>>> print(open('model-v3.tsv').read())   # TSV, N, CA and C atoms
chain	number	residue	atom	x	y	z
A	107	MET	N	0.84	-1.17	0.00
A	107	MET	CA	0.00	0.00	0.00
A	107	MET	C	0.89	1.25	0.00
A	108	ARG	N	0.61	2.16	-0.88
A	108	ARG	CA	1.38	3.41	-0.96
A	108	ARG	C	0.62	4.50	-0.21
A	109	PHE	N	1.38	5.28	0.53
A	109	PHE	CA	0.80	6.38	1.27
A	109	PHE	C	1.05	7.68	0.53
A	110	LYS	N	0.17	8.64	0.72
A	110	LYS	CA	0.32	9.95	0.12
A	110	LYS	C	1.33	10.76	0.93
A	111	PRO	N	1.98	11.73	0.30
A	111	PRO	CA	2.93	12.57	1.04
A	111	PRO	C	2.28	13.25	2.25
A	112	GLU	N	1.03	13.65	2.11
A	112	GLU	CA	0.34	14.30	3.22
A	112	GLU	C	0.26	13.39	4.44
A	113	GLN	N	0.06	12.09	4.21
A	113	GLN	CA	-0.02	11.14	5.31
A	113	GLN	C	1.33	10.99	6.01
A	114	HIS	N	2.40	10.96	5.22
A	114	HIS	CA	3.73	10.87	5.81
A	114	HIS	C	4.04	12.12	6.64
A	115	PHE	N	3.69	13.29	6.11
A	115	PHE	CA	3.91	14.53	6.85
A	115	PHE	C	3.10	14.55	8.14
A	116	ARG	N	1.87	14.06	8.08
A	116	ARG	CA	1.02	14.02	9.27
A	116	ARG	C	1.66	13.15	10.35
A	117	MET	N	2.18	12.00	9.96
A	117	MET	CA	2.83	11.10	10.92
A	117	MET	C	4.08	11.75	11.49
A	118	ALA	N	4.86	12.42	10.64
A	118	ALA	CA	6.07	13.11	11.10
A	118	ALA	C	5.71	14.19	12.11
A	119	ASP	N	4.65	14.93	11.85
A	119	ASP	CA	4.21	15.98	12.77
A	119	ASP	C	3.76	15.39	14.10
A	120	GLN	N	3.06	14.27	14.05
A	120	GLN	CA	2.61	13.62	15.28
A	120	GLN	C	3.80	13.14	16.11
A	121	LEU	N	4.81	12.57	15.44
A	121	LEU	CA	5.99	12.11	16.16
A	121	LEU	C	6.77	13.27	16.75
A	122	SER	N	6.85	14.40	16.03
A	122	SER	CA	7.54	15.58	16.56
A	122	SER	C	6.81	16.13	17.78
A	123	GLU	N	5.49	16.16	17.73
A	123	GLU	CA	4.72	16.62	18.89
A	123	GLU	C	4.91	15.68	20.07
A	124	LEU	N	4.93	14.38	19.80
A	124	LEU	CA	5.14	13.41	20.86
A	124	LEU	C	6.52	13.58	21.50
A	125	ALA	N	7.50	13.90	20.68
A	125	ALA	CA	8.86	14.11	21.19
A	125	ALA	C	8.92	15.33	22.11
A	126	LEU	N	8.13	16.36	21.80
A	126	LEU	CA	8.11	17.55	22.65
A	126	LEU	C	7.50	17.26	24.01
A	127	ASP	N	6.54	16.33	24.06
A	127	ASP	CA	5.87	15.99	25.32
A	127	ASP	C	6.59	14.92	26.11
A	128	GLN	N	7.67	14.38	25.54
A	128	GLN	CA	8.37	13.24	26.13
A	128	GLN	C	9.17	13.67	27.37
A	129	THR	N	9.08	12.88	28.42
A	129	THR	CA	9.89	13.14	29.61
A	129	THR	C	11.12	12.25	29.65
A	130	ASP	N	11.10	11.17	28.89
A	130	ASP	CA	12.24	10.25	28.81
A	130	ASP	C	13.24	10.82	27.79
A	131	LEU	N	14.38	11.29	28.27
A	131	LEU	CA	15.36	11.93	27.39
A	131	LEU	C	16.00	10.98	26.39
A	132	LYS	N	15.92	9.67	26.63
A	132	LYS	CA	16.45	8.70	25.67
A	132	LYS	C	15.48	8.50	24.51
A	133	ARG	N	14.21	8.71	24.76
A	133	ARG	CA	13.18	8.47	23.74
A	133	ARG	C	13.07	9.65	22.77
A	134	THR	N	13.37	10.85	23.23
A	134	THR	CA	13.21	12.05	22.40
A	134	THR	C	14.01	11.98	21.10
A	135	PRO	N	15.32	11.66	21.13
A	135	PRO	CA	16.06	11.58	19.85
A	135	PRO	C	15.53	10.50	18.91
A	136	GLN	N	15.02	9.41	19.49
A	136	GLN	CA	14.46	8.35	18.64
A	136	GLN	C	13.22	8.86	17.91
A	137	LEU	N	12.37	9.59	18.62
A	137	LEU	CA	11.16	10.12	18.00
A	137	LEU	C	11.49	11.16	16.93
A	138	HIS	N	12.48	12.00	17.19
A	138	HIS	CA	12.91	12.98	16.18
A	138	HIS	C	13.46	12.27	14.94
A	139	ALA	N	14.22	11.20	15.16
A	139	ALA	CA	14.78	10.45	14.03
A	139	ALA	C	13.67	9.79	13.21
A	140	MET	N	12.67	9.25	13.88
A	140	MET	CA	11.55	8.63	13.16
A	140	MET	C	10.76	9.69	12.40
A	141	ALA	N	10.59	10.87	12.98
A	141	ALA	CA	9.88	11.95	12.29
A	141	ALA	C	10.65	12.36	11.04
A	142	ARG	N	11.97	12.41	11.13
A	142	ARG	CA	12.79	12.76	9.97
A	142	ARG	C	12.60	11.73	8.85
A	143	VAL	N	12.54	10.46	9.21
A	143	VAL	CA	12.33	9.41	8.21
A	143	VAL	C	10.99	9.61	7.50
A	144	PHE	N	9.95	9.91	8.25
A	144	PHE	CA	8.64	10.12	7.63
A	144	PHE	C	8.63	11.37	6.75
A	145	ARG	N	9.35	12.42	7.15
A	145	ARG	CA	9.43	13.61	6.30
A	145	ARG	C	10.14	13.28	5.00
A	146	ARG	N	11.22	12.50	5.06
A	146	ARG	CA	11.94	12.12	3.85
A	146	ARG	C	11.08	11.22	2.96
A	147	LEU	N	10.29	10.33	3.58
A	147	LEU	CA	9.37	9.49	2.81
A	147	LEU	C	8.33	10.35	2.09
A	148	ALA	N	7.86	11.40	2.75
A	148	ALA	CA	6.88	12.29	2.13
A	148	ALA	C	7.48	12.98	0.92
A	149	VAL	N	8.72	13.46	1.06
A	149	VAL	CA	9.39	14.12	-0.07
A	149	VAL	C	9.58	13.13	-1.21
A	150	LYS	N	10.02	11.94	-0.88
A	150	LYS	CA	10.24	10.92	-1.92
A	150	LYS	C	8.93	10.56	-2.63
A	151	ALA	N	7.85	10.44	-1.88
A	151	ALA	CA	6.56	10.12	-2.48
A	151	ALA	C	6.09	11.26	-3.38
A	152	TYR	N	6.35	12.49	-2.98
A	152	TYR	CA	5.94	13.63	-3.80
A	152	TYR	C	6.79	13.71	-5.07
A	153	MET	N	8.09	13.47	-4.94
A	153	MET	CA	8.99	13.57	-6.10
A	153	MET	C	8.60	12.59	-7.20
A	154	ALA	N	8.00	11.48	-6.81
A	154	ALA	CA	7.57	10.50	-7.80
A	154	ALA	C	6.45	11.05	-8.68
A	155	THR	N	5.74	12.08	-8.18
A	155	THR	CA	4.62	12.64	-8.94
A	155	THR	C	4.96	13.97	-9.60
A	156	ASP	N	6.08	14.59	-9.23
A	156	ASP	CA	6.45	15.91	-9.75
A	156	ASP	C	7.77	15.80	-10.51
A	157	ALA	N	7.68	15.88	-11.83
A	157	ALA	CA	8.89	15.76	-12.65
A	157	ALA	C	9.79	16.98	-12.52
A	158	GLY	N	9.27	18.09	-12.02
A	158	GLY	CA	10.05	19.31	-11.88
A	158	GLY	C	11.05	19.29	-10.73
A	159	MET	N	10.86	18.39	-9.79
A	159	MET	CA	11.79	18.31	-8.66
A	159	MET	C	12.84	17.24	-8.96
A	160	LYS	N	14.09	17.60	-8.74
A	160	LYS	CA	15.15	16.64	-9.01
A	160	LYS	C	15.62	15.98	-7.72
A	161	ARG	N	16.01	14.75	-7.85
A	161	ARG	CA	16.55	14.02	-6.69
A	161	ARG	C	17.99	14.43	-6.45
A	162	GLN	N	18.34	14.53	-5.19
A	162	GLN	CA	19.70	14.90	-4.80
A	162	GLN	C	20.56	13.65	-4.67
A	163	ASP	N	21.83	13.80	-4.98
A	163	ASP	CA	22.81	12.75	-4.71
A	163	ASP	C	23.40	13.07	-3.34
A	164	TRP	N	22.83	12.46	-2.30
A	164	TRP	CA	23.22	12.79	-0.93
A	164	TRP	C	24.58	12.22	-0.56
A	165	SER	N	25.16	11.34	-1.36
A	165	SER	CA	26.44	10.72	-0.99
A	165	SER	C	27.57	11.74	-0.90
A	166	LYS	N	27.51	12.79	-1.69
A	166	LYS	CA	28.59	13.78	-1.63
A	166	LYS	C	28.48	14.69	-0.41
A	167	TYR	N	27.38	14.59	0.34
A	167	TYR	CA	27.19	15.43	1.52
A	167	TYR	C	27.62	14.74	2.81
A	168	ASN	N	28.26	13.60	2.72
A	168	ASN	CA	28.73	12.89	3.91
A	168	ASN	C	30.14	13.32	4.29
A	169	VAL	N	30.35	14.61	4.35
A	169	VAL	CA	31.65	15.19	4.62
A	169	VAL	C	31.53	16.12	5.82
A	170	ASP	N	32.47	16.00	6.75
A	170	ASP	CA	32.52	16.97	7.84
A	170	ASP	C	33.30	18.17	7.35
A	171	ALA	N	32.65	19.28	7.27
A	171	ALA	CA	33.31	20.49	6.80
A	171	ALA	C	32.72	21.68	7.52
A	172	MET	N	33.48	22.72	7.55
A	172	MET	CA	33.00	23.96	8.13
A	172	MET	C	32.15	24.68	7.08
A	173	PHE	N	31.20	25.45	7.56
A	173	PHE	CA	30.41	26.26	6.64
A	173	PHE	C	31.30	27.32	6.03
A	174	ALA	N	31.22	27.47	4.71
A	174	ALA	CA	31.92	28.57	4.05
A	174	ALA	C	31.15	29.86	4.26
A	175	GLY	N	29.89	29.74	4.53
A	175	GLY	CA	29.02	30.88	4.77
A	175	GLY	C	27.69	30.35	5.25
A	176	LEU	N	26.85	31.25	5.67
A	176	LEU	CA	25.55	30.83	6.15
A	176	LEU	C	24.49	31.72	5.52
A	177	ILE	N	23.46	31.10	5.04
A	177	ILE	CA	22.36	31.81	4.42
A	177	ILE	C	21.17	31.69	5.36
A	178	ASP	N	20.57	32.81	5.70
A	178	ASP	CA	19.38	32.77	6.55
A	178	ASP	C	18.23	32.16	5.77
A	179	PRO	N	17.56	31.17	6.36
A	179	PRO	CA	16.42	30.56	5.66
A	179	PRO	C	15.23	31.50	5.65
A	180	PRO	N	14.37	31.36	4.66
A	180	PRO	CA	13.13	32.13	4.65
A	180	PRO	C	12.23	31.66	5.79
A	181	SER	N	11.24	32.43	6.12
A	181	SER	CA	10.30	32.00	7.15
A	181	SER	C	9.33	31.00	6.53
A	182	PRO	N	8.67	30.20	7.35
A	182	PRO	CA	7.70	29.25	6.80
A	182	PRO	C	6.57	29.93	6.04
A	183	TRP	N	6.35	31.23	6.29
A	183	TRP	CA	5.26	31.95	5.63
A	183	TRP	C	5.68	32.61	4.34
A	184	ASP	N	6.98	32.56	4.01
A	184	ASP	CA	7.42	33.10	2.72
A	184	ASP	C	6.87	32.24	1.60
A	185	ASN	N	6.86	32.81	0.41
A	185	ASN	CA	6.25	32.10	-0.72
A	185	ASN	C	7.17	30.99	-1.25
A	186	LEU	N	6.61	30.18	-2.13
A	186	LEU	CA	7.30	29.03	-2.70
A	186	LEU	C	8.56	29.44	-3.46
A	187	GLU	N	8.48	30.52	-4.21
A	187	GLU	CA	9.62	30.97	-5.01
A	187	GLU	C	10.82	31.33	-4.12
A	188	GLU	N	10.53	31.95	-2.99
A	188	GLU	CA	11.59	32.31	-2.04
A	188	GLU	C	12.30	31.06	-1.51
A	189	TRP	N	11.53	30.03	-1.21
A	189	TRP	CA	12.12	28.78	-0.72
A	189	TRP	C	12.91	28.08	-1.83
A	190	GLN	N	12.42	28.15	-3.06
A	190	GLN	CA	13.16	27.53	-4.17
A	190	GLN	C	14.47	28.26	-4.41
A	191	ARG	N	14.48	29.59	-4.31
A	191	ARG	CA	15.73	30.35	-4.43
A	191	ARG	C	16.70	29.98	-3.31
A	192	TYR	N	16.19	29.82	-2.11
A	192	TYR	CA	17.01	29.42	-0.97
A	192	TYR	C	17.65	28.05	-1.22
A	193	ALA	N	16.86	27.10	-1.73
A	193	ALA	CA	17.40	25.77	-2.03
A	193	ALA	C	18.48	25.84	-3.11
A	194	GLU	N	18.28	26.66	-4.12
A	194	GLU	CA	19.29	26.84	-5.17
A	194	GLU	C	20.57	27.45	-4.59
A	195	ASP	N	20.43	28.41	-3.70
A	195	ASP	CA	21.61	29.02	-3.06
A	195	ASP	C	22.37	27.99	-2.22
A	196	LEU	N	21.64	27.11	-1.54
A	196	LEU	CA	22.29	26.08	-0.74
A	196	LEU	C	23.08	25.11	-1.61
A	197	GLU	N	22.55	24.80	-2.79
A	197	GLU	CA	23.23	23.87	-3.70
A	197	GLU	C	24.57	24.42	-4.18
A	198	LYS	N	24.73	25.73	-4.17
A	198	LYS	CA	25.97	26.34	-4.63
A	198	LYS	C	27.07	26.30	-3.57
A	199	MET	N	26.71	25.97	-2.34
A	199	MET	CA	27.68	25.95	-1.24
A	199	MET	C	28.43	24.61	-1.23
A	200	PRO	N	29.63	24.58	-0.63
A	200	PRO	CA	30.38	23.32	-0.54
A	200	PRO	C	29.62	22.28	0.29
A	201	PRO	N	29.59	21.02	-0.15
A	201	PRO	CA	28.82	20.00	0.55
A	201	PRO	C	29.35	19.70	1.95
A	202	SER	N	28.43	19.45	2.86
A	202	SER	CA	28.76	19.01	4.22
A	202	SER	C	27.51	18.38	4.83
A	203	ARG	N	27.69	17.70	5.95
A	203	ARG	CA	26.55	17.08	6.63
A	203	ARG	C	25.56	18.13	7.11
A	204	GLN	N	26.06	19.24	7.61
A	204	GLN	CA	25.18	20.30	8.10
A	204	GLN	C	24.37	20.90	6.95
A	205	LEU	N	25.02	21.07	5.82
A	205	LEU	CA	24.33	21.62	4.65
A	205	LEU	C	23.24	20.67	4.17
A	206	ARG	N	23.51	19.37	4.28
A	206	ARG	CA	22.50	18.40	3.88
A	206	ARG	C	21.22	18.57	4.70
A	207	LEU	N	21.35	18.79	6.00
A	207	LEU	CA	20.17	18.97	6.84
A	207	LEU	C	19.39	20.21	6.42
A	208	LEU	N	20.11	21.28	6.09
A	208	LEU	CA	19.44	22.50	5.62
A	208	LEU	C	18.74	22.27	4.29
A	209	MET	N	19.38	21.52	3.39
A	209	MET	CA	18.78	21.24	2.08
A	209	MET	C	17.55	20.34	2.22
A	210	GLU	N	17.62	19.37	3.13
A	210	GLU	CA	16.47	18.51	3.36
A	210	GLU	C	15.30	19.32	3.90
A	211	GLU	N	15.59	20.23	4.82
A	211	GLU	CA	14.53	21.09	5.37
A	211	GLU	C	13.91	21.95	4.27
A	212	ALA	N	14.75	22.48	3.39
A	212	ALA	CA	14.24	23.29	2.28
A	212	ALA	C	13.36	22.45	1.36
A	213	GLU	N	13.80	21.25	1.04
A	213	GLU	CA	13.00	20.35	0.18
A	213	GLU	C	11.65	20.05	0.82
A	214	GLU	N	11.68	19.75	2.11
A	214	GLU	CA	10.44	19.42	2.80
A	214	GLU	C	9.48	20.60	2.80
A	215	THR	N	10.00	21.79	3.03
A	215	THR	CA	9.14	22.98	3.04
A	215	THR	C	8.58	23.25	1.66
A	216	ILE	N	9.39	23.07	0.62
A	216	ILE	CA	8.92	23.26	-0.76
A	216	ILE	C	7.79	22.30	-1.07
A	217	VAL	N	7.95	21.04	-0.67
A	217	VAL	CA	6.90	20.04	-0.93
A	217	VAL	C	5.64	20.39	-0.14
A	218	ARG	N	5.79	20.78	1.11
A	218	ARG	CA	4.62	21.16	1.92
A	218	ARG	C	3.89	22.35	1.27
A	219	LYS	N	4.65	23.30	0.75
A	219	LYS	CA	4.02	24.46	0.11
A	219	LYS	C	3.30	24.05	-1.17
A	220	LYS	N	3.90	23.15	-1.95
A	220	LYS	CA	3.26	22.69	-3.18
A	220	LYS	C	1.99	21.90	-2.89
A	221	LEU	N	1.97	21.22	-1.74
A	221	LEU	CA	0.79	20.45	-1.37
A	221	LEU	C	-0.26	21.31	-0.65
A	222	GLY	N	0.10	22.54	-0.34
A	222	GLY	CA	-0.82	23.43	0.36
A	222	GLY	C	-0.90	23.17	1.85
A	223	LEU	N	0.13	22.55	2.42
A	223	LEU	CA	0.14	22.25	3.85
A	223	LEU	C	0.74	23.38	4.67
A	224	LEU	N	1.34	24.37	4.02
A	224	LEU	CA	1.89	25.55	4.72
A	224	LEU	C	1.31	26.80	4.12
>>> encode(input="model-v3.tsv", output="C-alpha cells")
Amino acid sequence: MRFKPEQHFRMADQLSELALDQTDLKRTPQLHAMARVFRRLAVKAYMATDAGMKRQDWSKYNVDAMFAGLIDPPSPWDNLEEWQRYAEDLEKMPPSRQLRLLMEEAEETIVRKKLGLL
C-alpha cells in the first residue's frame, strides 16, 4: 500500500509533537529520528509525482566540513519561489553534513508548500 505525502507529513508531525511531550530523554532523539524518516518518505513520495523536482545525490554530503558561509532561511510563511531560491543558493555551497540537513529542510518545506500544507 502506498501512502500519500500528506499522510507521511502528518505522521512526522505527530511524532515531533510526541517528542516535545516526552519526559524520557532517551526516547526524544528516537522520535525525532523517526519523524525525519517520515518527512523524507513524504518528499520521496511527492517527487515520484512531480517531474520538476530533481533528486539529490546525498552521498557527496557525507563530509565533515565547516560552513563557508551561512544563508538565513526564509520564514515558513514566505512564498514558494523564495524557498526555491534558498534551495538553489544552498546547492551552490560546498557540501557538508550540516548543509544536507538545511537542504532537506528546504526540500520538505517546498513540498509542503506545493501540497498546500503551509
>>> residues_around(input="model-v3.tsv", residues="Met140 (chain A)", least_positions_apart="4", cutoff="8 Å", atoms="only C-alpha atoms", output="list in words")
Ala118, Leu121, Gln136 and Phe144 of chain A
>>> write_last_selection(input="model-v3.tsv", atoms="N, CA and C atoms", output="JSON list (two decimals), in the coordinates of the input")
[["chain", "number", "residue", "atom", "x", "y", "z"],
["A", 118, "ALA", "N", 4.86, 12.42, 10.64],
["A", 118, "ALA", "CA", 6.07, 13.11, 11.10],
["A", 118, "ALA", "C", 5.71, 14.19, 12.11],
["A", 121, "LEU", "N", 4.81, 12.57, 15.44],
["A", 121, "LEU", "CA", 5.99, 12.11, 16.16],
["A", 121, "LEU", "C", 6.77, 13.27, 16.75],
["A", 136, "GLN", "N", 15.02, 9.41, 19.49],
["A", 136, "GLN", "CA", 14.46, 8.35, 18.64],
["A", 136, "GLN", "C", 13.22, 8.86, 17.91],
["A", 144, "PHE", "N", 9.95, 9.91, 8.25],
["A", 144, "PHE", "CA", 8.64, 10.12, 7.63],
["A", 144, "PHE", "C", 8.63, 11.37, 6.75]]
>>> atom_distance(input="model-v3.tsv", atom1="atom C of His114 (chain A)", atom2="atom C of Ala141 (chain A)")
7.9 Å
>>> residues_around(input="model-v3.tsv", residues="region 195-207 of chain A", least_positions_apart="6", cutoff="5 Å", atoms="all atoms listed in the file", output="PyMOL selection string")
chain A and resi 167+169+171
>>> atom_distance(input="model-v3.tsv", atom1="CA of Tyr152 (chain A)", atom2="CA of Val217 (chain A)")
7.1 Å
>>> closest_residue(input="model-v3.tsv", among="A:Arg161, A:Lys150, A:Arg145, A:Lys219", to="Asn185 (chain A)", atoms="only N, CA and C atoms")
A:Lys219
>>> closest_residue(input="model-v3.tsv", among="A:Ala151, A:Asp163, A:Pro135, A:Thr129", to="Phe109 (chain A)", atoms="all atoms listed in the file")
A:Ala151
>>> closest_residue(input="model-v3.tsv", among="A:Asp178, A:Glu112, A:Asp156, A:Glu214", to="Tyr192 (chain A)", atoms="only N, CA and C atoms")
A:Asp178
>>> atom_distance(input="model-v3.tsv", atom1="atom N of Thr215 (chain A)", atom2="atom N of Ser165 (chain A)")
18.9 Å
>>> build_atoms(input="model-v3.tsv", residues="region 145-169 of chain A", atoms="N, CA, C and O atoms", output="compact mmCIF listing (two decimals), keeping the file's coordinate frame")
# COMPACT_ATOMS: atom_id res chain seq x y z
N ARG A 145 9.35 12.42 7.15
CA ARG A 145 9.43 13.61 6.30
C ARG A 145 10.14 13.28 5.00
O ARG A 145 9.74 13.73 3.92
N ARG A 146 11.22 12.50 5.06
CA ARG A 146 11.94 12.12 3.85
C ARG A 146 11.08 11.22 2.96
O ARG A 146 11.13 11.30 1.75
N LEU A 147 10.29 10.33 3.58
CA LEU A 147 9.37 9.49 2.81
C LEU A 147 8.33 10.35 2.09
O LEU A 147 7.95 10.06 0.95
N ALA A 148 7.86 11.40 2.75
CA ALA A 148 6.88 12.29 2.13
C ALA A 148 7.48 12.98 0.92
O ALA A 148 6.85 13.07 -0.13
N VAL A 149 8.72 13.46 1.06
CA VAL A 149 9.39 14.12 -0.07
C VAL A 149 9.58 13.13 -1.21
O VAL A 149 9.32 13.45 -2.37
N LYS A 150 10.02 11.94 -0.88
CA LYS A 150 10.24 10.92 -1.92
C LYS A 150 8.93 10.56 -2.63
O LYS A 150 8.90 10.44 -3.85
N ALA A 151 7.85 10.44 -1.88
CA ALA A 151 6.56 10.12 -2.48
C ALA A 151 6.09 11.26 -3.38
O ALA A 151 5.52 11.02 -4.45
N TYR A 152 6.35 12.49 -2.98
CA TYR A 152 5.94 13.63 -3.80
C TYR A 152 6.79 13.71 -5.07
O TYR A 152 6.27 14.00 -6.14
N MET A 153 8.09 13.47 -4.94
CA MET A 153 8.99 13.57 -6.10
C MET A 153 8.60 12.59 -7.20
O MET A 153 8.85 12.84 -8.37
N ALA A 154 8.00 11.48 -6.81
CA ALA A 154 7.57 10.50 -7.80
C ALA A 154 6.45 11.05 -8.68
O ALA A 154 6.25 10.60 -9.80
N THR A 155 5.74 12.08 -8.18
CA THR A 155 4.62 12.64 -8.94
C THR A 155 4.96 13.97 -9.60
O THR A 155 4.21 14.44 -10.44
N ASP A 156 6.08 14.59 -9.23
CA ASP A 156 6.45 15.91 -9.75
C ASP A 156 7.77 15.80 -10.51
O ASP A 156 8.83 15.67 -9.92
N ALA A 157 7.68 15.88 -11.83
CA ALA A 157 8.89 15.76 -12.65
C ALA A 157 9.79 16.98 -12.52
O ALA A 157 10.97 16.92 -12.85
N GLY A 158 9.27 18.09 -12.02
CA GLY A 158 10.05 19.31 -11.88
C GLY A 158 11.05 19.29 -10.73
O GLY A 158 11.99 20.07 -10.70
N MET A 159 10.86 18.39 -9.79
CA MET A 159 11.79 18.31 -8.66
C MET A 159 12.84 17.24 -8.96
O MET A 159 12.50 16.13 -9.36
N LYS A 160 14.09 17.60 -8.74
CA LYS A 160 15.15 16.64 -9.01
C LYS A 160 15.62 15.98 -7.72
O LYS A 160 15.61 16.59 -6.66
N ARG A 161 16.01 14.75 -7.85
CA ARG A 161 16.55 14.02 -6.69
C ARG A 161 17.99 14.43 -6.45
O ARG A 161 18.75 14.65 -7.39
N GLN A 162 18.34 14.53 -5.19
CA GLN A 162 19.70 14.90 -4.80
C GLN A 162 20.56 13.65 -4.67
O GLN A 162 20.09 12.59 -4.26
N ASP A 163 21.83 13.80 -4.98
CA ASP A 163 22.81 12.75 -4.71
C ASP A 163 23.40 13.07 -3.34
O ASP A 163 24.32 13.87 -3.21
N TRP A 164 22.83 12.46 -2.30
CA TRP A 164 23.22 12.79 -0.93
C TRP A 164 24.58 12.22 -0.56
O TRP A 164 25.15 12.60 0.48
N SER A 165 25.16 11.34 -1.36
CA SER A 165 26.44 10.72 -0.99
C SER A 165 27.57 11.74 -0.90
O SER A 165 28.47 11.58 -0.08
N LYS A 166 27.51 12.79 -1.69
CA LYS A 166 28.59 13.78 -1.63
C LYS A 166 28.48 14.69 -0.41
O LYS A 166 29.39 15.45 -0.12
N TYR A 167 27.38 14.59 0.34
CA TYR A 167 27.19 15.43 1.52
C TYR A 167 27.62 14.74 2.81
O TYR A 167 27.37 15.26 3.89
N ASN A 168 28.26 13.60 2.72
CA ASN A 168 28.73 12.89 3.91
C ASN A 168 30.14 13.32 4.29
O ASN A 168 31.02 12.51 4.52
N VAL A 169 30.35 14.61 4.35
CA VAL A 169 31.65 15.19 4.62
C VAL A 169 31.53 16.12 5.82
O VAL A 169 30.59 16.91 5.90
